[in-house]
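Colleague: What follows is model_34.cif, mmCIF, C-alpha atoms.
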data_run
#
loop_
_atom_site.group_PDB
_atom_site.id
_atom_site.type_symbol
_atom_site.label_atom_id
_atom_site.label_comp_id
_atom_site.auth_asym_id
_atom_site.auth_seq_id
_atom_site.Cartn_x
_atom_site.Cartn_y
_atom_site.Cartn_z
ATOM 1 C CA MET A 901 84.685 -74.881 -22.597
ATOM 2 C CA LYS A 902 87.635 -74.921 -24.962
ATOM 3 C CA LEU A 903 89.070 -78.218 -26.037
ATOM 4 C CA ASP A 904 92.260 -79.237 -24.293
ATOM 5 C CA PRO A 905 95.015 -78.734 -26.912
ATOM 6 C CA ALA A 906 96.491 -82.105 -26.016
ATOM 7 C CA ILE A 907 93.171 -83.796 -26.723
ATOM 8 C CA ARG A 908 92.767 -81.781 -29.920
ATOM 9 C CA ASP A 909 96.196 -82.901 -31.090
ATOM 10 C CA GLN A 910 95.354 -86.522 -30.311
ATOM 11 C CA VAL A 911 92.212 -86.218 -32.407
ATOM 12 C CA LEU A 912 94.087 -84.615 -35.290
ATOM 13 C CA ALA A 913 96.835 -87.224 -35.107
ATOM 14 C CA THR A 914 94.225 -89.950 -35.488
ATOM 15 C CA VAL A 915 92.485 -88.392 -38.493
ATOM 16 C CA PRO A 916 94.760 -89.864 -41.223
ATOM 17 C CA SER A 917 94.257 -93.449 -40.072
ATOM 18 C CA LEU A 918 90.604 -92.799 -39.258
ATOM 19 C CA ARG A 919 90.131 -91.530 -42.794
ATOM 20 C CA ALA A 920 92.025 -94.492 -44.253
ATOM 21 C CA PHE A 921 89.695 -96.804 -42.343
ATOM 22 C CA ALA A 922 86.677 -94.889 -43.629
ATOM 23 C CA ILE A 923 87.861 -95.032 -47.239
ATOM 24 C CA SER A 924 88.584 -98.728 -46.926
ATOM 25 C CA LEU A 925 85.095 -99.321 -45.560
ATOM 26 C CA CYS A 926 83.124 -97.048 -47.876
ATOM 27 C CA GLY A 927 85.084 -97.357 -51.061
ATOM 28 C CA ASN A 928 84.270 -93.756 -51.819
ATOM 29 C CA ILE A 929 86.535 -90.920 -50.791
ATOM 30 C CA ASP A 930 83.849 -88.240 -50.689
ATOM 31 C CA ARG A 931 81.585 -90.383 -48.569
ATOM 32 C CA ALA A 932 84.510 -91.346 -46.376
ATOM 33 C CA ASP A 933 85.341 -87.699 -45.759
ATOM 34 C CA ASP A 934 81.714 -87.040 -44.845
ATOM 35 C CA LEU A 935 81.835 -89.990 -42.481
ATOM 36 C CA VAL A 936 85.039 -88.754 -40.844
ATOM 37 C CA GLN A 937 83.584 -85.275 -40.487
ATOM 38 C CA GLU A 938 80.440 -86.640 -38.872
ATOM 39 C CA THR A 939 82.592 -88.786 -36.588
ATOM 40 C CA LEU A 940 84.648 -85.783 -35.499
ATOM 41 C CA LEU A 941 81.552 -83.676 -34.872
ATOM 42 C CA ARG A 942 80.020 -86.412 -32.766
ATOM 43 C CA ALA A 943 83.252 -87.099 -30.898
ATOM 44 C CA LEU A 944 83.917 -83.462 -30.093
ATOM 45 C CA ALA A 945 80.327 -82.974 -28.974
ATOM 46 C CA HIS A 946 80.805 -85.825 -26.501
ATOM 47 C CA ILE A 947 84.448 -85.285 -25.672
ATOM 48 C CA ASP A 948 83.596 -85.362 -21.963
ATOM 49 C CA SER A 949 82.881 -89.065 -22.312
ATOM 50 C CA PHE A 950 86.454 -89.708 -23.420
ATOM 51 C CA GLU A 951 88.773 -90.577 -20.569
ATOM 52 C CA PRO A 952 92.192 -88.950 -21.032
ATOM 53 C CA GLY A 953 94.913 -91.553 -21.121
ATOM 54 C CA THR A 954 92.730 -94.178 -22.742
ATOM 55 C CA ASN A 955 92.833 -95.223 -26.362
ATOM 56 C CA MET A 956 91.796 -92.240 -28.485
ATOM 57 C CA PRO A 957 92.114 -94.055 -31.837
ATOM 58 C CA ALA A 958 89.954 -96.925 -30.606
ATOM 59 C CA TRP A 959 87.353 -94.456 -29.330
ATOM 60 C CA LEU A 960 87.196 -92.582 -32.639
ATOM 61 C CA PHE A 961 87.241 -95.767 -34.720
ATOM 62 C CA THR A 962 84.326 -97.091 -32.667
ATOM 63 C CA ILE A 963 82.273 -93.972 -33.344
ATOM 64 C CA LEU A 964 83.090 -94.067 -37.051
ATOM 65 C CA ARG A 965 82.383 -97.762 -37.320
ATOM 66 C CA ASN A 966 78.979 -97.340 -35.641
ATOM 67 C CA LEU A 967 78.098 -94.445 -37.912
ATOM 68 C CA PHE A 968 79.149 -96.473 -40.930
ATOM 69 C CA ARG A 969 77.052 -99.434 -39.822
ATOM 70 C CA SER A 970 74.034 -97.154 -39.441
ATOM 71 C CA GLU A 971 74.571 -95.842 -42.937
ATOM 72 C CA TYR A 972 75.348 -99.326 -44.216
ATOM 73 C CA ARG A 973 71.944 -100.579 -43.190
ATOM 74 C CA LYS A 974 70.378 -97.843 -45.270
ATOM 75 C CA ARG A 975 72.622 -98.237 -48.307
ATOM 76 C CA ARG A 976 73.538 -101.884 -48.176
ATOM 77 C CA ARG A 977 73.447 -102.552 -51.894
ATOM 78 C CA GLU A 978 75.723 -99.640 -52.656
ATOM 79 C CA VAL A 979 78.215 -100.568 -49.988
ATOM 80 C CA GLU A 980 78.398 -104.206 -51.023
ATOM 81 C CA ASP A 981 79.522 -102.915 -54.400
ATOM 82 C CA ALA A 982 78.703 -106.006 -56.387
ATOM 83 C CA ASP A 983 79.350 -104.181 -59.623
ATOM 84 C CA GLY A 984 82.808 -103.042 -58.651
ATOM 85 C CA ARG A 985 82.150 -99.332 -58.235
ATOM 86 C CA TYR A 986 84.111 -99.434 -54.994
ATOM 87 C CA ALA A 987 87.438 -99.892 -56.698
ATOM 88 C CA GLU A 988 86.507 -97.506 -59.491
ATOM 89 C CA THR A 989 86.260 -94.657 -57.030
ATOM 90 C CA LEU A 990 89.600 -95.392 -55.407
ATOM 91 C CA LYS A 991 92.212 -93.825 -57.604
ATOM 92 C CA SER A 992 95.149 -94.780 -55.468
ATOM 93 C CA HIS A 993 97.842 -96.829 -57.148
ATOM 94 C CA PRO A 994 100.969 -96.896 -55.030
ATOM 95 C CA GLU A 995 103.997 -97.017 -57.254
ATOM 96 C CA GLN A 996 105.646 -99.836 -55.388
ATOM 97 C CA THR A 997 102.772 -102.164 -56.186
ATOM 98 C CA GLY A 998 101.821 -103.234 -59.674
ATOM 99 C CA ARG A 999 98.785 -101.351 -60.879
ATOM 100 C CA VAL A 1000 96.878 -104.384 -62.112
ATOM 101 C CA GLU A 1001 97.671 -106.352 -59.000
ATOM 102 C CA PHE A 1002 96.628 -103.457 -56.793
ATOM 103 C CA GLU A 1003 93.368 -102.921 -58.651
ATOM 104 C CA GLU A 1004 92.595 -106.612 -58.416
ATOM 105 C CA PHE A 1005 93.197 -106.449 -54.719
ATOM 106 C CA GLN A 1006 90.875 -103.476 -54.266
ATOM 107 C CA VAL A 1007 88.116 -105.183 -56.229
ATOM 108 C CA ALA A 1008 88.555 -108.350 -54.191
ATOM 109 C CA LEU A 1009 88.528 -106.429 -50.916
ATOM 110 C CA ALA A 1010 85.300 -104.711 -51.946
ATOM 111 C CA LYS A 1011 83.654 -108.080 -52.443
ATOM 112 C CA LEU A 1012 84.191 -109.109 -48.849
ATOM 113 C CA PRO A 1013 81.247 -108.889 -46.487
ATOM 114 C CA SER A 1014 81.629 -105.633 -44.580
ATOM 115 C CA ASP A 1015 82.085 -107.333 -41.215
ATOM 116 C CA GLN A 1016 85.023 -109.314 -42.588
ATOM 117 C CA ARG A 1017 86.463 -106.285 -44.344
ATOM 118 C CA GLU A 1018 86.397 -104.120 -41.243
ATOM 119 C CA ALA A 1019 87.960 -106.871 -39.108
ATOM 120 C CA LEU A 1020 90.748 -107.411 -41.621
ATOM 121 C CA ILE A 1021 91.484 -103.698 -41.929
ATOM 122 C CA LEU A 1022 91.450 -103.059 -38.192
ATOM 123 C CA VAL A 1023 93.821 -105.916 -37.425
ATOM 124 C CA GLY A 1024 95.882 -106.118 -40.587
ATOM 125 C CA ALA A 1025 96.260 -102.467 -41.515
ATOM 126 C CA SER A 1026 95.231 -100.185 -38.666
ATOM 127 C CA GLY A 1027 97.394 -102.086 -36.210
ATOM 128 C CA PHE A 1028 94.790 -102.757 -33.552
ATOM 129 C CA SER A 1029 95.093 -105.825 -31.390
ATOM 130 C CA TYR A 1030 92.403 -108.459 -31.678
ATOM 131 C CA ASP A 1031 91.102 -107.288 -28.299
ATOM 132 C CA ASP A 1032 90.831 -103.679 -29.455
ATOM 133 C CA ALA A 1033 89.243 -104.708 -32.758
ATOM 134 C CA ALA A 1034 86.686 -106.779 -30.873
ATOM 135 C CA ALA A 1035 85.877 -103.806 -28.655
ATOM 136 C CA ILE A 1036 85.529 -101.510 -31.667
ATOM 137 C CA CYS A 1037 83.215 -103.954 -33.438
ATOM 138 C CA GLY A 1038 81.303 -104.884 -30.289
ATOM 139 C CA CYS A 1039 81.904 -108.589 -30.608
ATOM 140 C CA ALA A 1040 83.994 -111.377 -29.116
ATOM 141 C CA VAL A 1041 87.709 -111.715 -29.829
ATOM 142 C CA GLY A 1042 87.076 -115.128 -31.321
ATOM 143 C CA THR A 1043 84.575 -113.609 -33.722
ATOM 144 C CA ILE A 1044 87.182 -111.113 -34.910
ATOM 145 C CA LYS A 1045 89.744 -113.874 -35.408
ATOM 146 C CA SER A 1046 87.231 -115.890 -37.378
ATOM 147 C CA ARG A 1047 86.288 -112.910 -39.536
ATOM 148 C CA VAL A 1048 89.929 -112.082 -40.247
ATOM 149 C CA ASN A 1049 90.672 -115.656 -41.204
ATOM 150 C CA ARG A 1050 87.638 -115.890 -43.457
ATOM 151 C CA ALA A 1051 88.512 -112.555 -45.032
ATOM 152 C CA ARG A 1052 92.035 -113.692 -45.859
ATOM 153 C CA THR A 1053 90.810 -117.001 -47.222
ATOM 154 C CA ARG A 1054 88.164 -115.283 -49.312
ATOM 155 C CA LEU A 1055 90.686 -112.771 -50.663
ATOM 156 C CA ALA A 1056 93.041 -115.577 -51.631
ATOM 157 C CA ASP A 1057 90.152 -117.336 -53.333
ATOM 158 C CA LEU A 1058 89.083 -114.206 -55.216
ATOM 159 C CA LEU A 1059 92.662 -113.528 -56.251
ATOM 160 C CA SER A 1060 93.229 -117.202 -57.082
ATOM 161 C CA ILE A 1061 96.320 -117.461 -54.964
ATOM 162 C CA ASP A 1062 97.695 -120.284 -52.917
ATOM 163 C CA SER A 1063 101.177 -118.927 -52.529
ATOM 164 C CA VAL A 1064 103.205 -115.844 -53.175
ATOM 165 C CA ASP A 1065 104.224 -117.345 -56.509
ATOM 166 C CA ASP A 1066 100.721 -116.636 -57.734
ATOM 167 C CA PHE A 1067 101.344 -112.900 -57.503
ATOM 168 C CA GLY A 1068 103.406 -111.034 -59.985
ATOM 169 C CA PRO A 1069 103.505 -109.787 -63.525
ATOM 170 C CA ASP A 1070 102.765 -113.165 -65.104
ATOM 171 C CA ARG A 1071 99.662 -113.870 -63.119
ATOM 172 C CA ALA A 1072 97.196 -112.258 -65.521
ATOM 173 C CA THR A 1073 98.690 -114.116 -68.427
ATOM 174 C CA ARG A 1074 98.493 -117.402 -66.580
ATOM 175 C CA ALA A 1075 94.889 -116.697 -65.627
ATOM 176 C CA VAL A 1076 93.989 -116.218 -69.287
ATOM 177 C CA LEU A 1077 95.811 -119.375 -70.323
ATOM 178 C CA ALA A 1078 94.018 -121.279 -67.585
ATOM 179 C CA GLY A 1079 90.668 -120.131 -68.897
ATOM 180 C CA GLY A 1080 89.816 -117.668 -66.176
ATOM 181 C CA GLY A 1081 91.177 -119.329 -63.086
ATOM 182 C CA ARG A 1082 90.637 -122.357 -60.954
ATOM 183 C CA GLY A 1083 87.326 -124.066 -60.693
ATOM 184 C CA MET B 758 94.098 -112.425 -22.994
ATOM 185 C CA GLY B 759 97.578 -113.487 -22.150
ATOM 186 C CA ASN B 760 99.011 -112.886 -25.588
ATOM 187 C CA SER B 761 97.602 -109.428 -26.200
ATOM 188 C CA ASP B 762 100.925 -107.760 -25.480
ATOM 189 C CA GLU B 763 102.617 -110.036 -27.949
ATOM 190 C CA MET B 764 100.096 -109.171 -30.639
ATOM 191 C CA LYS B 765 100.422 -105.459 -29.969
ATOM 192 C CA SER B 766 104.164 -105.644 -30.435
ATOM 193 C CA ARG B 767 103.874 -107.121 -33.899
ATOM 194 C CA LYS B 768 104.108 -104.992 -36.965
ATOM 195 C CA THR B 769 100.971 -106.726 -38.107
ATOM 196 C CA ASN B 770 98.755 -109.310 -36.547
ATOM 197 C CA LEU B 771 98.298 -111.224 -39.730
ATOM 198 C CA GLU B 772 101.470 -113.011 -40.579
ATOM 199 C CA ALA B 773 102.433 -115.123 -37.657
ATOM 200 C CA LEU B 774 99.230 -115.821 -35.830
ATOM 201 C CA GLN B 775 98.556 -119.100 -37.601
ATOM 202 C CA PRO B 776 101.754 -120.342 -39.172
ATOM 203 C CA ASP B 777 100.851 -122.998 -41.677
ATOM 204 C CA ALA B 778 103.430 -125.327 -40.218
ATOM 205 C CA ASP B 779 101.183 -125.701 -37.193
ATOM 206 C CA ARG B 780 98.216 -126.764 -39.247
ATOM 207 C CA PRO B 781 97.208 -130.384 -39.622
ATOM 208 C CA GLU B 782 96.844 -130.157 -43.380
ATOM 209 C CA ALA B 783 100.445 -128.996 -43.688
ATOM 210 C CA HIS B 784 101.484 -132.413 -42.470
ATOM 211 C CA ASP B 785 98.935 -134.455 -44.403
ATOM 212 C CA PRO B 786 100.898 -137.511 -45.554
ATOM 213 C CA THR B 787 98.412 -138.158 -48.355
ATOM 214 C CA GLY B 788 99.205 -134.791 -49.897
ATOM 215 C CA LYS B 789 95.500 -134.176 -50.468
ATOM 216 C CA ARG B 790 94.353 -130.610 -50.610
ATOM 217 C CA PRO B 791 91.738 -129.734 -48.031
ATOM 218 C CA HIS B 792 88.240 -128.856 -49.138
ATOM 219 C CA LYS B 793 87.943 -125.277 -50.332
ATOM 220 C CA HIS B 794 86.130 -124.159 -47.197
ATOM 221 C CA GLU B 795 88.854 -125.690 -45.065
ATOM 222 C CA ILE B 796 91.768 -124.073 -46.860
ATOM 223 C CA ARG B 797 94.305 -122.456 -44.625
ATOM 224 C CA LEU B 798 96.534 -120.001 -46.379
ATOM 225 C CA GLY B 799 100.232 -120.526 -46.621
ATOM 226 C CA ARG B 800 102.422 -118.048 -44.826
ATOM 227 C CA GLU B 801 103.648 -116.447 -48.043
ATOM 228 C CA ALA B 802 100.118 -115.812 -49.270
ATOM 229 C CA GLN B 803 99.169 -114.362 -45.895
ATOM 230 C CA VAL B 804 102.198 -112.095 -45.960
ATOM 231 C CA ARG B 805 101.445 -110.914 -49.500
ATOM 232 C CA ILE B 806 97.823 -110.166 -48.676
ATOM 233 C CA GLY B 807 99.004 -108.257 -45.626
ATOM 234 C CA GLU B 808 101.454 -106.269 -47.724
ATOM 235 C CA LEU B 809 98.818 -105.328 -50.276
ATOM 236 C CA LEU B 810 96.391 -104.361 -47.537
ATOM 237 C CA ARG B 811 98.898 -102.145 -45.768
ATOM 238 C CA THR B 812 100.084 -100.617 -49.046
ATOM 239 C CA MET B 813 96.532 -99.600 -49.856
ATOM 240 C CA TYR B 814 95.825 -98.374 -46.329
ATOM 241 C CA ASN B 815 99.071 -96.435 -46.004
ATOM 242 C CA SER B 816 98.479 -94.723 -49.320
ATOM 243 C CA TYR B 817 95.420 -93.140 -47.688
ATOM 244 C CA VAL B 818 97.138 -92.474 -44.371
ATOM 245 C CA ASN B 819 99.946 -90.672 -46.180
ATOM 246 C CA GLN B 820 97.445 -88.186 -47.568
ATOM 247 C CA GLY B 821 97.431 -86.656 -44.092
ATOM 248 C CA VAL B 822 94.666 -84.505 -42.651
ATOM 249 C CA PRO B 823 92.496 -82.736 -45.227
ATOM 250 C CA GLN B 824 92.477 -79.017 -44.594
ATOM 251 C CA HIS B 825 88.730 -78.817 -44.038
ATOM 252 C CA LEU B 826 88.912 -81.464 -41.305
ATOM 253 C CA ASP B 827 91.867 -79.746 -39.671
ATOM 254 C CA ASP B 828 89.950 -76.461 -39.729
ATOM 255 C CA LEU B 829 86.861 -78.166 -38.323
ATOM 256 C CA VAL B 830 88.662 -79.632 -35.318
ATOM 257 C CA ARG B 831 90.519 -76.418 -34.553
ATOM 258 C CA ARG B 832 87.392 -74.280 -34.914
ATOM 259 C CA ILE B 833 85.327 -76.484 -32.617
ATOM 260 C CA GLY B 834 88.227 -76.695 -30.204
ATOM 261 C CA GLU B 835 88.264 -72.921 -29.855
ATOM 262 C CA GLN B 836 84.552 -72.629 -29.143
ATOM 263 C CA ASP B 837 83.499 -71.918 -25.577
#
Can you turn what I pasted into structure tokens?

Modeller:
Amino acid sequence: MKLDPAIRDQVLATVPSLRAFAISLCGNIDRADDLVQETLLRALAHIDSFEPGTNMPAWLFTILRNLFRSEYRKRRREVEDADGRYAETLKSHPEQTGRVEFEEFQVALAKLPSDQREALILVGASGFSYDDAAAICGCAVGTIKSRVNRARTRLADLLSIDSVDDFGPDRATRAVLAGGGRG
Amino acid sequence: MGNSDEMKSRKTNLEALQPDADRPEAHDPTGKRPHKHEIRLGREAQVRIGELLRTMYNSYVNQGVPQHLDDLVRRIGEQD
């Protein structure tokens, strides 16, 4: 049975954000593309289980997230990226954001526990509601809220920021003068 | 959840969910900083983190659909 073109177009329309989620989770573009490909293969093989009119992005994100978690259990040390390889593999430096600041952010994001990172990305970047994010992650809404809050707090701690004044071109200089940051 | 529609209508769910003005420590008359584990971020810091997160994410989204994934979906979609 051929795939309904409308469904196919919905799948294709979701791929850019699905891939962005995968890259943000994996920290490796090649692995992320493999993960997206595996997600699409699995989704299209079980397309009958998708109810037209329901949330296609949430359905695909759930499949990808579950595949990632399966892989994560096998490759935990790599994914945690304690040595910073995550950011090294991400060669994206949007022009509107300072390069150093952006790299610092990527390194900090990579240091988050994966459950906090995925919650933060789903809610703060992918645009899912807390309810949808909870459904994707298979947990309670309150758990997602807690993870997002802890992720933000941890990021601020890693980036040594209390306010927006702590961002900007002088931040690195101030960090050096302060002897490497706050205690 | 009664506020799910409100959250869906936001550009992001990060900025306004917990405005620091609503937090007890924002009104602490002693001016003491809360313990590190109890720190609640100020709104500006939350906004900046949200901006950086979306900038990173959108830089990947803007790369579009890689050709091999587009081909994959279309090829499978044509199979009987």

Colleague: Determine the residue membership of the PyMOL selection byres ((chain A and resi 955-960) around 8) for the file above and supply it as a list in words.

Modeller: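 Output from the PyMOL selection byres ((chain A and resi 955-960) around 8), applied to this file: Gln910, Val911, Thr914, Leu918, Thr939, Leu940, Ala943, Phe950, Gly953, Thr954, Phe961, Thr962, Ile963, Leu964, Asp1032 and Ile1036 of chain A.
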
Colleague: For the atom pair atom CA of B:Asp827 and atom CA of A:Leu944, what is the interatomic distance in Å to one decimal place?

Modeller: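 Distance between the two atoms: 13.0 Å.
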
Colleague: If the PyMOL selection byres ((chain B and resi 834) around 8) is run on the structure shown, which residues does it catch, given as a PyMOL selection string?

Modeller: (chain A and resi 902-905+908) or (chain B and resi 830-833+835-836)

Colleague: Set the cut-off to 8 Å and count only C-alpha atoms: what are the residues of chain A that reach chain B? Output as a PyMOL selection string.

Modeller: chain A and resi 901-905+908+912+915-917+919-921+923-924+937+940+944+992-994+997+1002+1005+1021+1023-1031+1052-1053+1055-1056+1061-1064

Colleague: I'd like the interatomic distance between atom CA of A:Arg1017 and atom CA of A:Glu951, to a tenth of an Å.

Modeller: 28.6 Å

Colleague: Work out how far atom CA of A:Ser1060 is from atom CA of A:Gly1042, in Å to one decimal.

Modeller: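 Here the two named atoms are 26.6 Å from each other.
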
Colleague: Taking all atoms of stretch 1021-1040 of chain A that the file lists, what box with edges along x, y and z, padded by 5 Å per side, do you get, with centre and edge lengths in Å to one decimal, as lines of an AutoDock Vina configuration file?

Modeller:
center_x = 89.3
center_y = -105.8
center_z = -35.1
size_x = 26.1
size_y = 21.2
size_z = 23.6

Colleague: Residues near A:Ile1044, anyone? I mean within 8 Å using all atoms listed in the file, not counting same-chain ones fewer than 3 positions away, as a list in words.

Modeller: Ala1019, Tyr1030, Ala1033, Ala1034, Cys1039, Ala1040, Val1041, Arg1047 and Val1048 of chain A

Colleague: Of the candidates A:Ala1008, A:Gly927, A:Ala922, A:His946, which shows the shortest atom-to-atom distance to A:Leu1022, using only C-alpha atoms?

Modeller: A:Ala922

Colleague: Counting all atoms listed in the file, which residue out of A:Leu941, A:Leu1059, A:Cys926, A:Leu967 sits closest to A:Ser1014?

Modeller: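 Among A:Leu941, A:Leu1059, A:Cys926, A:Leu967, it is A:Cys926 that comes nearest to A:Ser1014.
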